[in-house]
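Here is target-v7.cif, consisting of mmCIF, C-alpha atoms, pLDDT in the B column; chains and numbers go by the auth columns:
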```
data_final
#
loop_
_atom_site.group_PDB
_atom_site.id
_atom_site.type_symbol
_atom_site.label_atom_id
_atom_site.label_comp_id
_atom_site.label_asym_id
_atom_site.label_seq_id
_atom_site.Cartn_x
_atom_site.Cartn_y
_atom_site.Cartn_z
_atom_site.B_iso_or_equiv
_atom_site.auth_seq_id
_atom_site.auth_asym_id
ATOM 1 C CA MET A 1 5.780 28.297 -18.246 46.00 1 A
ATOM 2 C CA GLN A 2 4.568 27.981 -21.831 43.00 2 A
ATOM 3 C CA ASP A 3 4.752 24.179 -21.570 56.00 3 A
ATOM 4 C CA ILE A 4 2.547 24.244 -18.467 57.00 4 A
ATOM 5 C CA LEU A 5 0.006 26.529 -20.143 58.00 5 A
ATOM 6 C CA ALA A 6 -0.052 24.216 -23.151 60.00 6 A
ATOM 7 C CA LEU A 7 -0.727 21.235 -20.877 56.00 7 A
ATOM 8 C CA LEU A 8 -3.586 23.078 -19.167 59.00 8 A
ATOM 9 C CA GLN A 9 -5.230 23.553 -22.567 61.00 9 A
ATOM 10 C CA ASP A 10 -4.700 19.948 -23.685 63.00 10 A
ATOM 11 C CA PRO A 11 -7.702 17.645 -22.972 68.00 11 A
ATOM 12 C CA ALA A 12 -5.481 14.558 -23.327 68.00 12 A
ATOM 13 C CA ALA A 13 -3.261 15.873 -20.538 68.00 13 A
ATOM 14 C CA TRP A 14 -6.273 16.243 -18.225 71.00 14 A
ATOM 15 C CA VAL A 15 -7.396 12.683 -19.013 73.00 15 A
ATOM 16 C CA ALA A 16 -3.895 11.384 -18.272 72.00 16 A
ATOM 17 C CA LEU A 17 -3.806 13.371 -15.022 74.00 17 A
ATOM 18 C CA VAL A 18 -7.134 12.018 -13.752 77.00 18 A
ATOM 19 C CA THR A 19 -6.174 8.455 -14.739 75.00 19 A
ATOM 20 C CA LEU A 20 -2.814 8.714 -12.967 76.00 20 A
ATOM 21 C CA MET A 21 -4.400 10.238 -9.867 77.00 21 A
ATOM 22 C CA VAL A 22 -6.877 7.353 -9.623 77.00 22 A
ATOM 23 C CA MET A 23 -4.081 4.810 -10.109 73.00 23 A
ATOM 24 C CA GLU A 24 -1.891 6.434 -7.458 75.00 24 A
ATOM 25 C CA VAL A 25 -4.767 6.632 -4.970 76.00 25 A
ATOM 26 C CA VAL A 26 -5.629 2.941 -5.523 72.00 26 A
ATOM 27 C CA LEU A 27 -1.990 1.950 -4.975 69.00 27 A
ATOM 28 C CA GLY A 28 -2.003 4.245 -1.955 73.00 28 A
ATOM 29 C CA ILE A 29 -4.743 2.117 -0.363 75.00 29 A
ATOM 30 C CA ASP A 30 -2.356 -0.842 -0.344 72.00 30 A
ATOM 31 C CA ASN A 31 0.282 1.309 1.307 75.00 31 A
ATOM 32 C CA LEU A 32 -2.175 2.634 3.895 80.00 32 A
ATOM 33 C CA ILE A 33 -3.214 -0.857 4.971 79.00 33 A
ATOM 34 C CA PHE A 34 0.435 -1.751 5.497 79.00 34 A
ATOM 35 C CA ILE A 35 1.181 1.546 7.257 83.00 35 A
ATOM 36 C CA SER A 36 -1.844 1.163 9.549 83.00 36 A
ATOM 37 C CA ILE A 37 -0.870 -2.328 10.688 80.00 37 A
ATOM 38 C CA LEU A 38 2.764 -1.366 11.239 82.00 38 A
ATOM 39 C CA SER A 39 2.097 1.913 13.041 85.00 39 A
ATOM 40 C CA ASN A 40 -0.498 0.320 15.351 82.00 40 A
ATOM 41 C CA LYS A 41 2.311 -1.812 16.783 81.00 41 A
ATOM 42 C CA LEU A 42 3.912 1.303 18.250 84.00 42 A
ATOM 43 C CA PRO A 43 2.901 3.028 21.510 86.00 43 A
ATOM 44 C CA PRO A 44 -0.165 5.270 20.898 85.00 44 A
ATOM 45 C CA ALA A 45 1.869 8.462 21.385 86.00 45 A
ATOM 46 C CA GLN A 46 4.184 7.544 18.474 87.00 46 A
ATOM 47 C CA ARG A 47 1.688 6.252 15.922 86.00 47 A
ATOM 48 C CA HIS A 48 0.551 9.558 14.409 87.00 48 A
ATOM 49 C CA ARG A 49 4.148 10.795 14.094 88.00 49 A
ATOM 50 C CA ALA A 50 5.305 7.531 12.483 87.00 50 A
ATOM 51 C CA ARG A 51 2.567 7.725 9.860 87.00 51 A
ATOM 52 C CA ARG A 52 3.295 11.365 9.065 88.00 52 A
ATOM 53 C CA ILE A 53 7.060 10.854 8.802 88.00 53 A
ATOM 54 C CA GLY A 54 6.733 7.636 6.803 85.00 54 A
ATOM 55 C CA ILE A 55 4.284 9.097 4.285 84.00 55 A
ATOM 56 C CA SER A 56 6.210 12.402 4.009 86.00 56 A
ATOM 57 C CA LEU A 57 9.489 10.591 3.345 85.00 57 A
ATOM 58 C CA ALA A 58 7.663 8.434 0.812 82.00 58 A
ATOM 59 C CA LEU A 59 6.574 11.614 -1.023 83.00 59 A
ATOM 60 C CA ILE A 60 10.155 12.890 -1.106 86.00 60 A
ATOM 61 C CA MET A 61 11.349 9.515 -2.382 83.00 61 A
ATOM 62 C CA ARG A 62 8.711 9.402 -5.122 80.00 62 A
ATOM 63 C CA LEU A 63 9.545 12.904 -6.307 82.00 63 A
ATOM 64 C CA GLY A 64 13.219 11.937 -6.314 83.00 64 A
ATOM 65 C CA LEU A 65 12.436 8.866 -8.402 79.00 65 A
ATOM 66 C CA LEU A 66 10.491 11.019 -10.858 78.00 66 A
ATOM 67 C CA ALA A 67 13.612 13.146 -11.290 78.00 67 A
ATOM 68 C CA THR A 68 15.443 9.990 -12.417 79.00 68 A
ATOM 69 C CA VAL A 69 12.610 8.680 -14.594 71.00 69 A
ATOM 70 C CA ALA A 70 14.916 8.169 -17.599 67.00 70 A
ATOM 71 C CA TRP A 71 17.017 5.768 -15.515 74.00 71 A
ATOM 72 C CA ILE A 72 13.973 4.022 -14.040 72.00 72 A
ATOM 73 C CA VAL A 73 12.594 3.260 -17.510 69.00 73 A
ATOM 74 C CA GLN A 74 15.794 1.334 -18.264 72.00 74 A
ATOM 75 C CA LEU A 75 15.055 -0.983 -15.321 77.00 75 A
ATOM 76 C CA THR A 76 12.798 -3.000 -17.643 77.00 76 A
ATOM 77 C CA THR A 77 15.796 -4.278 -19.652 80.00 77 A
ATOM 78 C CA PRO A 78 16.570 -7.956 -18.834 81.00 78 A
ATOM 79 C CA VAL A 79 19.835 -8.315 -16.905 81.00 79 A
ATOM 80 C CA VAL A 80 19.766 -11.933 -15.690 83.00 80 A
ATOM 81 C CA THR A 81 18.142 -15.244 -16.548 80.00 81 A
ATOM 82 C CA ILE A 82 16.851 -17.476 -13.732 77.00 82 A
ATOM 83 C CA LEU A 83 15.246 -20.846 -14.508 72.00 83 A
ATOM 84 C CA GLY A 84 14.595 -19.754 -18.082 75.00 84 A
ATOM 85 C CA ASN A 85 13.038 -16.435 -17.032 77.00 85 A
ATOM 86 C CA GLU A 86 14.690 -13.210 -18.149 83.00 86 A
ATOM 87 C CA LEU A 87 14.502 -10.796 -15.235 86.00 87 A
ATOM 88 C CA SER A 88 15.062 -7.052 -15.239 85.00 88 A
ATOM 89 C CA TRP A 89 15.878 -4.897 -12.226 82.00 89 A
ATOM 90 C CA LYS A 90 12.212 -3.971 -12.058 81.00 90 A
ATOM 91 C CA ASP A 91 11.245 -7.663 -11.955 84.00 91 A
ATOM 92 C CA MET A 92 13.738 -8.389 -9.187 86.00 92 A
ATOM 93 C CA ILE A 93 12.527 -5.407 -7.164 82.00 93 A
ATOM 94 C CA LEU A 94 8.920 -6.599 -7.529 82.00 94 A
ATOM 95 C CA ILE A 95 9.876 -10.143 -6.513 86.00 95 A
ATOM 96 C CA ALA A 96 11.889 -8.915 -3.520 85.00 96 A
ATOM 97 C CA GLY A 97 9.074 -6.584 -2.471 81.00 97 A
ATOM 98 C CA GLY A 98 6.486 -9.322 -2.899 84.00 98 A
ATOM 99 C CA LEU A 99 8.546 -11.770 -0.833 88.00 99 A
ATOM 100 C CA PHE A 100 8.950 -9.122 1.866 84.00 100 A
ATOM 101 C CA LEU A 101 5.219 -8.479 1.891 82.00 101 A
ATOM 102 C CA VAL A 102 4.338 -12.195 1.998 87.00 102 A
ATOM 103 C CA TRP A 103 6.849 -12.748 4.822 86.00 103 A
ATOM 104 C CA LYS A 104 5.580 -9.759 6.788 81.00 104 A
ATOM 105 C CA ALA A 105 1.902 -10.635 6.316 82.00 105 A
ATOM 106 C CA THR A 106 2.525 -14.286 7.235 87.00 106 A
ATOM 107 C CA LYS A 107 4.446 -13.245 10.340 84.00 107 A
ATOM 108 C CA GLU A 108 1.680 -10.862 11.436 79.00 108 A
ATOM 109 C CA ILE A 109 -1.010 -13.491 10.802 82.00 109 A
ATOM 110 C CA HIS A 110 0.940 -15.914 12.990 82.00 110 A
ATOM 111 C CA HIS A 111 1.149 -13.266 15.726 77.00 111 A
ATOM 112 C CA HIS A 112 -2.608 -12.733 15.629 73.00 112 A
ATOM 113 C CA VAL A 113 -3.405 -16.456 15.569 77.00 113 A
ATOM 114 C CA ASP A 114 -1.036 -17.117 18.486 72.00 114 A
ATOM 115 C CA PRO A 115 -0.695 -13.798 20.391 62.00 115 A
ATOM 116 C CA SER A 116 0.935 -15.537 23.361 64.00 116 A
ATOM 117 C CA ASP A 117 3.967 -16.455 21.264 56.00 117 A
ATOM 118 C CA LYS A 118 7.041 -14.460 22.353 51.00 118 A
ATOM 119 C CA GLY A 119 4.953 -11.849 24.160 46.00 119 A
ATOM 120 C CA GLU A 120 3.018 -10.631 21.149 45.00 120 A
ATOM 121 C CA SER A 121 0.053 -8.316 21.530 44.00 121 A
ATOM 122 C CA PRO A 122 -3.242 -9.706 20.102 39.00 122 A
ATOM 123 C CA ILE A 123 -4.092 -6.409 18.424 40.00 123 A
ATOM 124 C CA GLY A 124 -0.906 -4.573 17.628 42.00 124 A
ATOM 125 C CA GLY A 125 1.536 -7.379 16.812 43.00 125 A
ATOM 126 C CA HIS A 126 5.033 -7.340 18.233 42.00 126 A
ATOM 127 C CA VAL A 127 5.329 -5.161 21.337 42.00 127 A
ATOM 128 C CA ALA A 128 9.024 -4.439 20.720 49.00 128 A
ATOM 129 C CA ALA A 129 8.475 -2.675 17.396 67.00 129 A
ATOM 130 C CA THR A 130 10.729 0.372 17.075 83.00 130 A
ATOM 131 C CA PHE A 131 9.850 3.757 15.625 85.00 131 A
ATOM 132 C CA GLY A 132 12.727 3.712 13.151 86.00 132 A
ATOM 133 C CA GLY A 133 12.002 0.124 12.123 84.00 133 A
ATOM 134 C CA VAL A 134 8.380 0.925 11.332 84.00 134 A
ATOM 135 C CA VAL A 135 9.314 3.984 9.236 85.00 135 A
ATOM 136 C CA ALA A 136 11.998 1.973 7.394 86.00 136 A
ATOM 137 C CA GLN A 137 9.515 -0.781 6.507 83.00 137 A
ATOM 138 C CA ILE A 138 7.033 1.809 5.234 81.00 138 A
ATOM 139 C CA LEU A 139 9.711 3.214 2.919 84.00 139 A
ATOM 140 C CA VAL A 140 10.778 -0.229 1.656 82.00 140 A
ATOM 141 C CA LEU A 141 7.277 -1.125 0.514 78.00 141 A
ATOM 142 C CA ASP A 142 6.627 2.337 -0.911 79.00 142 A
ATOM 143 C CA LEU A 143 9.805 1.995 -2.989 79.00 143 A
ATOM 144 C CA VAL A 144 8.420 -1.153 -4.608 76.00 144 A
ATOM 145 C CA PHE A 145 5.054 0.417 -5.424 74.00 145 A
ATOM 146 C CA SER A 146 6.689 3.665 -6.562 76.00 146 A
ATOM 147 C CA ILE A 147 8.925 2.050 -9.175 75.00 147 A
ATOM 148 C CA ASP A 148 6.043 -0.020 -10.523 70.00 148 A
ATOM 149 C CA SER A 149 3.674 2.964 -10.697 72.00 149 A
ATOM 150 C CA ILE A 150 6.260 5.289 -12.263 74.00 150 A
ATOM 151 C CA ILE A 151 7.063 2.820 -15.054 71.00 151 A
ATOM 152 C CA THR A 152 3.312 2.468 -15.673 68.00 152 A
ATOM 153 C CA ALA A 153 2.897 6.255 -15.621 70.00 153 A
ATOM 154 C CA VAL A 154 5.644 6.732 -18.220 68.00 154 A
ATOM 155 C CA GLY A 155 3.639 4.542 -20.582 65.00 155 A
ATOM 156 C CA MET A 156 0.581 6.748 -20.060 66.00 156 A
ATOM 157 C CA THR A 157 2.136 10.208 -20.384 68.00 157 A
ATOM 158 C CA PRO A 158 5.561 11.664 -21.190 64.00 158 A
ATOM 159 C CA HIS A 159 4.971 14.770 -19.044 71.00 159 A
ATOM 160 C CA ILE A 160 6.768 14.785 -15.686 75.00 160 A
ATOM 161 C CA GLU A 161 4.555 17.653 -14.494 76.00 161 A
ATOM 162 C CA ILE A 162 1.457 15.440 -14.705 77.00 162 A
ATOM 163 C CA MET A 163 3.202 12.649 -12.793 78.00 163 A
ATOM 164 C CA VAL A 164 4.279 15.060 -10.037 81.00 164 A
ATOM 165 C CA VAL A 165 0.747 16.429 -9.584 82.00 165 A
ATOM 166 C CA ALA A 166 -0.704 12.894 -9.459 81.00 166 A
ATOM 167 C CA VAL A 167 1.854 11.795 -6.842 82.00 167 A
ATOM 168 C CA VAL A 168 1.285 14.876 -4.663 84.00 168 A
ATOM 169 C CA VAL A 169 -2.502 14.424 -4.769 84.00 169 A
ATOM 170 C CA ALA A 170 -2.227 10.704 -3.907 82.00 170 A
ATOM 171 C CA VAL A 171 0.134 11.321 -0.986 83.00 171 A
ATOM 172 C CA THR A 172 -2.153 14.106 0.303 86.00 172 A
ATOM 173 C CA VAL A 173 -5.061 11.655 0.297 85.00 173 A
ATOM 174 C CA MET A 174 -2.862 9.156 2.171 83.00 174 A
ATOM 175 C CA LEU A 175 -1.985 11.765 4.806 85.00 175 A
ATOM 176 C CA LEU A 176 -5.658 12.606 5.351 87.00 176 A
ATOM 177 C CA ALA A 177 -6.817 8.985 5.467 86.00 177 A
ATOM 178 C CA ALA A 178 -3.932 7.461 7.465 85.00 178 A
ATOM 179 C CA ASP A 179 -5.211 8.141 10.993 85.00 179 A
ATOM 180 C CA PRO A 180 -8.922 7.323 10.407 86.00 180 A
ATOM 181 C CA LEU A 181 -8.023 4.049 8.658 82.00 181 A
ATOM 182 C CA ALA A 182 -5.506 3.050 11.344 83.00 182 A
ATOM 183 C CA ASN A 183 -8.010 3.814 14.129 82.00 183 A
ATOM 184 C CA PHE A 184 -10.730 1.853 12.344 81.00 184 A
ATOM 185 C CA ILE A 185 -8.443 -1.175 11.930 77.00 185 A
ATOM 186 C CA GLU A 186 -7.379 -1.018 15.585 76.00 186 A
ATOM 187 C CA LYS A 187 -10.977 -0.867 16.853 77.00 187 A
ATOM 188 C CA ASN A 188 -12.044 -3.809 14.687 75.00 188 A
ATOM 189 C CA PRO A 189 -9.693 -6.791 15.219 71.00 189 A
ATOM 190 C CA THR A 190 -11.341 -8.892 12.498 74.00 190 A
ATOM 191 C CA ILE A 191 -10.464 -6.172 9.996 78.00 191 A
ATOM 192 C CA VAL A 192 -6.783 -6.709 10.854 78.00 192 A
ATOM 193 C CA MET A 193 -6.881 -10.314 9.609 81.00 193 A
ATOM 194 C CA LEU A 194 -8.722 -9.239 6.464 82.00 194 A
ATOM 195 C CA ALA A 195 -6.150 -6.503 5.836 79.00 195 A
ATOM 196 C CA LEU A 196 -3.297 -8.977 6.342 81.00 196 A
ATOM 197 C CA SER A 197 -4.892 -11.342 3.831 85.00 197 A
ATOM 198 C CA PHE A 198 -5.017 -8.416 1.379 82.00 198 A
ATOM 199 C CA LEU A 199 -1.296 -7.844 1.906 81.00 199 A
ATOM 200 C CA LEU A 200 -0.645 -11.551 1.327 85.00 200 A
ATOM 201 C CA LEU A 201 -2.608 -11.388 -1.926 85.00 201 A
ATOM 202 C CA ILE A 202 -0.807 -8.245 -3.077 82.00 202 A
ATOM 203 C CA GLY A 203 2.588 -9.762 -2.246 84.00 203 A
ATOM 204 C CA THR A 204 1.779 -12.893 -4.249 88.00 204 A
ATOM 205 C CA THR A 205 0.647 -10.703 -7.146 86.00 205 A
ATOM 206 C CA LEU A 206 3.926 -8.760 -7.072 83.00 206 A
ATOM 207 C CA ILE A 207 5.935 -11.997 -7.191 87.00 207 A
ATOM 208 C CA ALA A 208 3.884 -13.248 -10.132 87.00 208 A
ATOM 209 C CA GLU A 209 4.347 -9.928 -11.957 84.00 209 A
ATOM 210 C CA GLY A 210 8.092 -10.137 -11.335 84.00 210 A
ATOM 211 C CA PHE A 211 8.215 -13.537 -13.051 85.00 211 A
ATOM 212 C CA GLY A 212 6.269 -12.212 -16.035 83.00 212 A
ATOM 213 C CA VAL A 213 2.841 -13.589 -15.114 84.00 213 A
ATOM 214 C CA HIS A 214 0.412 -10.735 -15.664 81.00 214 A
ATOM 215 C CA VAL A 215 -2.373 -10.628 -13.099 79.00 215 A
ATOM 216 C CA PRO A 216 -5.139 -8.158 -14.039 79.00 216 A
ATOM 217 C CA LYS A 217 -5.330 -5.604 -11.240 73.00 217 A
ATOM 218 C CA GLY A 218 -9.080 -5.307 -11.735 75.00 218 A
ATOM 219 C CA TYR A 219 -9.600 -8.906 -10.612 79.00 219 A
ATOM 220 C CA VAL A 220 -7.416 -8.421 -7.545 78.00 220 A
ATOM 221 C CA TYR A 221 -9.126 -5.238 -6.398 76.00 221 A
ATOM 222 C CA ALA A 222 -12.589 -6.628 -7.201 82.00 222 A
ATOM 223 C CA ALA A 223 -11.876 -9.631 -4.946 82.00 223 A
ATOM 224 C CA MET A 224 -10.590 -7.320 -2.209 79.00 224 A
ATOM 225 C CA ALA A 225 -13.642 -5.063 -2.498 82.00 225 A
ATOM 226 C CA PHE A 226 -16.011 -8.065 -2.322 87.00 226 A
ATOM 227 C CA SER A 227 -14.212 -9.432 0.760 85.00 227 A
ATOM 228 C CA ALA A 228 -14.370 -6.005 2.418 82.00 228 A
ATOM 229 C CA LEU A 229 -18.114 -5.795 1.660 88.00 229 A
ATOM 230 C CA VAL A 230 -18.716 -9.220 3.241 87.00 230 A
ATOM 231 C CA GLU A 231 -16.747 -8.188 6.344 84.00 231 A
ATOM 232 C CA MET A 232 -18.745 -4.949 6.618 85.00 232 A
ATOM 233 C CA LEU A 233 -21.979 -6.984 6.541 89.00 233 A
ATOM 234 C CA ASN A 234 -20.566 -9.240 9.276 86.00 234 A
ATOM 235 C CA MET A 235 -19.721 -6.168 11.369 83.00 235 A
ATOM 236 C CA LEU A 236 -23.246 -4.796 10.954 85.00 236 A
ATOM 237 C CA ALA A 237 -24.685 -8.162 11.959 87.00 237 A
ATOM 238 C CA ARG A 238 -22.442 -8.361 15.058 82.00 238 A
ATOM 239 C CA ASN A 239 -23.362 -4.823 16.114 81.00 239 A
ATOM 240 C CA ALA A 240 -27.052 -5.594 15.660 84.00 240 A
ATOM 241 C CA ARG A 241 -26.738 -8.706 17.868 84.00 241 A
ATOM 242 C CA LEU A 242 -24.884 -6.730 20.537 80.00 242 A
ATOM 243 C CA ARG A 243 -27.544 -4.011 20.566 81.00 243 A
ATOM 244 C CA LYS A 244 -30.279 -6.643 20.787 80.00 244 A
ATOM 245 C CA ALA A 245 -28.459 -8.450 23.619 77.00 245 A
ATOM 246 C CA GLY A 246 -28.075 -5.139 25.482 71.00 246 A
ATOM 247 C CA LYS A 247 -31.807 -4.460 25.267 57.00 247 A
ATOM 248 C CA ALA A 248 -32.584 -8.011 26.395 53.00 248 A
ATOM 249 C CA VAL A 249 -30.429 -7.582 29.499 45.00 249 A
ATOM 250 C CA ARG A 250 -32.243 -4.413 30.407 45.00 250 A
#
```
Show me this structure written as structure tokens.
Amino acid sequence: MQDILALLQDPAAWVALVTLMVMEVVLGIDNLIFISILSNKLPPAQRHRARRIGISLALIMRLGLLATVAWIVQLTTPVVTILGNELSWKDMILIAGGLFLVWKATKEIHHHVDPSDKGESPIGGHVAATFGGVVAQILVLDLVFSIDSIITAVGMTPHIEIMVVAVVVAVTVMLLAADPLANFIEKNPTIVMLALSFLLLIGTTLIAEGFGVHVPKGYVYAAMAFSALVEMLNMLARNARLRKAGKAVR
């Protein structure tokens, strides 16, 4: 109790908390894009439940990882050398997660480019997606982002309490934003392709990070934000043309 009161009176602790919350929320956006695309492949009656279960289990997993933070920090120690690159468990997890994300994004892009292939749906992807499979994929990707964010958080603050609060706040934001974002993506098919390209970019970045090539996150998110802005302008232009065409018909 005294430790918590001391943290509440420490300005540095508040700065660390706000910084971690922002970082977790930004990483949560990546997760939400992935969750939205996956959950929209399910029947409408199952989508909300899949998002809630996936995000809730992700919170439990993150809190569990925080309880083993001392072990997670050791994942940065090199354990194998491949093609002259010393890789730690963290590096291999990032590479595996990046490969998974690149494979998944590429597969979904193919489904949207050729929706007639193997009975795919043009909006939701593969019709035969299962509830358990979607939740499992959500957890796999969240595991990759969780380990990366926790190791980064340890370098910013030694206080587990601050990390827990930041994680809970970020997951709460994800829970509130999951349905609106998924509905927005479903109603705007062009957004789906943009979101998939984001996932492809993030996956490539994870692979590069795993091999020791540092890619400044600011550049990545700035490019994503600029692309999203351009797509929003295109949407406004399309809506304006549709409204004008509707008036012309009348």
- Message: Applying the PyMOL selection byres ((chain A and resi 17-25) around 7) to the file I just gave you, which residues come out? Please list them as a PyMOL selection string.
- Response: chain A and resi 13-16+26-29+153+162+166-167+169-170
- Task: Run the PyMOL selection byres ((chain A and resi 228-241) around 9) mentally over the shown coordinates, then write out the matched residues as a PyMOL selection string, using the chain letters and numbers from the document.
- Result: chain A and resi 188+190-191+194-195+223-227+242-246
- Query: What is the CA of Ser197 (chain A)-CA of Val140 (chain A) distance in Å, reported with one decimal?
  - Reply: 19.3 Å
- Which residue out of A:Ala222, A:Ile35, A:Val144, A:Ile55 has the minimum interatomic distance to Asp91 (chain A) when all atoms listed in the file are used? A:Val144
- One-decimal distance in Å that lies between CA of Thr204 (chain A) and CA of Trp103 (chain A): 10.4 Å
- Of A:Val164, A:His48, A:Gly133, A:Glu86, the one sitting nearest Gly64 (chain A) when using all atoms listed in the file is A:Val164
- Item | Which of A:Glu186, A:Asp114, A:Asp148, A:Asp179 sits closest to Val69 (chain A) [using all atoms listed in the file] |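 Under the stated criterion, the closest residue is A:Asp148.
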- Between A:Ile160, A:Ala208, A:Val171, A:Val220, which one has atoms that come closest to Met61 (chain A), using all atoms listed in the file? A:Val171
- Item | Matched chain/residue IDs from the PyMOL selection byres ((chain A and resi 101) around 8), as a ChimeraX atom specification | /A:97-100,102-105,141,199-200,202-203
- When distances are computed from only C-alpha atoms, which of A:Tyr219, A:Gly212, A:Ser56, A:Leu176 shows the smallest separation from Gly84 (chain A)?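 Result for the nearest residue to Gly84 (chain A): A:Gly212.
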- Distance of CA of Gln74 (chain A) from CA of Glu161 (chain A), expressed in Å to one decimal place: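 These two atoms are separated by 20.2 Å.
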Can you complete the atoms of region 83-99 of chain A to N, CA, C and O atoms and list them as a PDB file, in the frame of the given file?
```pdb
ATOM      1  N   LEU A  83      16.178 -19.768 -14.184  1.00 72.00           N
ATOM      2  CA  LEU A  83      15.246 -20.846 -14.508  1.00 72.00           C
ATOM      3  C   LEU A  83      14.480 -20.574 -15.799  1.00 72.00           C
ATOM      4  O   LEU A  83      13.277 -20.812 -15.897  1.00 72.00           O
ATOM      5  N   GLY A  84      15.208 -20.028 -16.782  1.00 75.00           N
ATOM      6  CA  GLY A  84      14.595 -19.754 -18.082  1.00 75.00           C
ATOM      7  C   GLY A  84      13.824 -18.461 -18.153  1.00 75.00           C
ATOM      8  O   GLY A  84      13.306 -18.111 -19.225  1.00 75.00           O
ATOM      9  N   ASN A  85      13.755 -17.717 -17.056  1.00 77.00           N
ATOM     10  CA  ASN A  85      13.038 -16.435 -17.032  1.00 77.00           C
ATOM     11  C   ASN A  85      14.027 -15.281 -17.077  1.00 77.00           C
ATOM     12  O   ASN A  85      14.934 -15.210 -16.241  1.00 77.00           O
ATOM     13  N   GLU A  86      13.861 -14.406 -18.062  1.00 83.00           N
ATOM     14  CA  GLU A  86      14.690 -13.210 -18.149  1.00 83.00           C
ATOM     15  C   GLU A  86      14.139 -12.143 -17.210  1.00 83.00           C
ATOM     16  O   GLU A  86      12.991 -11.718 -17.354  1.00 83.00           O
ATOM     17  N   LEU A  87      14.957 -11.741 -16.250  1.00 86.00           N
ATOM     18  CA  LEU A  87      14.502 -10.796 -15.235  1.00 86.00           C
ATOM     19  C   LEU A  87      15.238  -9.474 -15.366  1.00 86.00           C
ATOM     20  O   LEU A  87      16.454  -9.444 -15.558  1.00 86.00           O
ATOM     21  N   SER A  88      14.480  -8.387 -15.262  1.00 85.00           N
ATOM     22  CA  SER A  88      15.062  -7.052 -15.239  1.00 85.00           C
ATOM     23  C   SER A  88      15.196  -6.609 -13.781  1.00 85.00           C
ATOM     24  O   SER A  88      14.751  -7.301 -12.864  1.00 85.00           O
ATOM     25  N   TRP A  89      15.789  -5.426 -13.585  1.00 82.00           N
ATOM     26  CA  TRP A  89      15.878  -4.897 -12.226  1.00 82.00           C
ATOM     27  C   TRP A  89      14.489  -4.643 -11.652  1.00 82.00           C
ATOM     28  O   TRP A  89      14.245  -4.850 -10.464  1.00 82.00           O
ATOM     29  N   LYS A  90      13.586  -4.187 -12.519  1.00 81.00           N
ATOM     30  CA  LYS A  90      12.212  -3.971 -12.058  1.00 81.00           C
ATOM     31  C   LYS A  90      11.596  -5.279 -11.567  1.00 81.00           C
ATOM     32  O   LYS A  90      10.965  -5.328 -10.510  1.00 81.00           O
ATOM     33  N   ASP A  91      11.788  -6.362 -12.348  1.00 84.00           N
ATOM     34  CA  ASP A  91      11.245  -7.663 -11.955  1.00 84.00           C
ATOM     35  C   ASP A  91      11.811  -8.109 -10.610  1.00 84.00           C
ATOM     36  O   ASP A  91      11.065  -8.599  -9.744  1.00 84.00           O
ATOM     37  N   MET A  92      13.114  -7.942 -10.436  1.00 86.00           N
ATOM     38  CA  MET A  92      13.738  -8.389  -9.187  1.00 86.00           C
ATOM     39  C   MET A  92      13.281  -7.554  -8.002  1.00 86.00           C
ATOM     40  O   MET A  92      13.122  -8.066  -6.889  1.00 86.00           O
ATOM     41  N   ILE A  93      13.039  -6.261  -8.238  1.00 82.00           N
ATOM     42  CA  ILE A  93      12.527  -5.407  -7.164  1.00 82.00           C
ATOM     43  C   ILE A  93      11.108  -5.831  -6.789  1.00 82.00           C
ATOM     44  O   ILE A  93      10.757  -5.912  -5.602  1.00 82.00           O
ATOM     45  N   LEU A  94      10.285  -6.147  -7.804  1.00 82.00           N
ATOM     46  CA  LEU A  94       8.920  -6.599  -7.529  1.00 82.00           C
ATOM     47  C   LEU A  94       8.928  -7.928  -6.775  1.00 82.00           C
ATOM     48  O   LEU A  94       8.153  -8.120  -5.825  1.00 82.00           O
ATOM     49  N   ILE A  95       9.796  -8.844  -7.183  1.00 86.00           N
ATOM     50  CA  ILE A  95       9.876 -10.143  -6.513  1.00 86.00           C
ATOM     51  C   ILE A  95      10.337  -9.968  -5.071  1.00 86.00           C
ATOM     52  O   ILE A  95       9.759 -10.554  -4.139  1.00 86.00           O
ATOM     53  N   ALA A  96      11.381  -9.148  -4.880  1.00 85.00           N
ATOM     54  CA  ALA A  96      11.889  -8.915  -3.520  1.00 85.00           C
ATOM     55  C   ALA A  96      10.824  -8.245  -2.661  1.00 85.00           C
ATOM     56  O   ALA A  96      10.608  -8.625  -1.493  1.00 85.00           O
ATOM     57  N   GLY A  97      10.140  -7.258  -3.222  1.00 81.00           N
ATOM     58  CA  GLY A  97       9.074  -6.584  -2.471  1.00 81.00           C
ATOM     59  C   GLY A  97       7.916  -7.515  -2.160  1.00 81.00           C
ATOM     60  O   GLY A  97       7.347  -7.480  -1.070  1.00 81.00           O
ATOM     61  N   GLY A  98       7.562  -8.364  -3.128  1.00 84.00           N
ATOM     62  CA  GLY A  98       6.486  -9.322  -2.899  1.00 84.00           C
ATOM     63  C   GLY A  98       6.843 -10.333  -1.826  1.00 84.00           C
ATOM     64  O   GLY A  98       6.016 -10.656  -0.969  1.00 84.00           O
ATOM     65  N   LEU A  99       8.095 -10.829  -1.856  1.00 88.00           N
ATOM     66  CA  LEU A  99       8.546 -11.770  -0.833  1.00 88.00           C
ATOM     67  C   LEU A  99       8.530 -11.122   0.553  1.00 88.00           C
ATOM     68  O   LEU A  99       8.139 -11.743   1.542  1.00 88.00           O
TER      69      LEU A  99
END
```
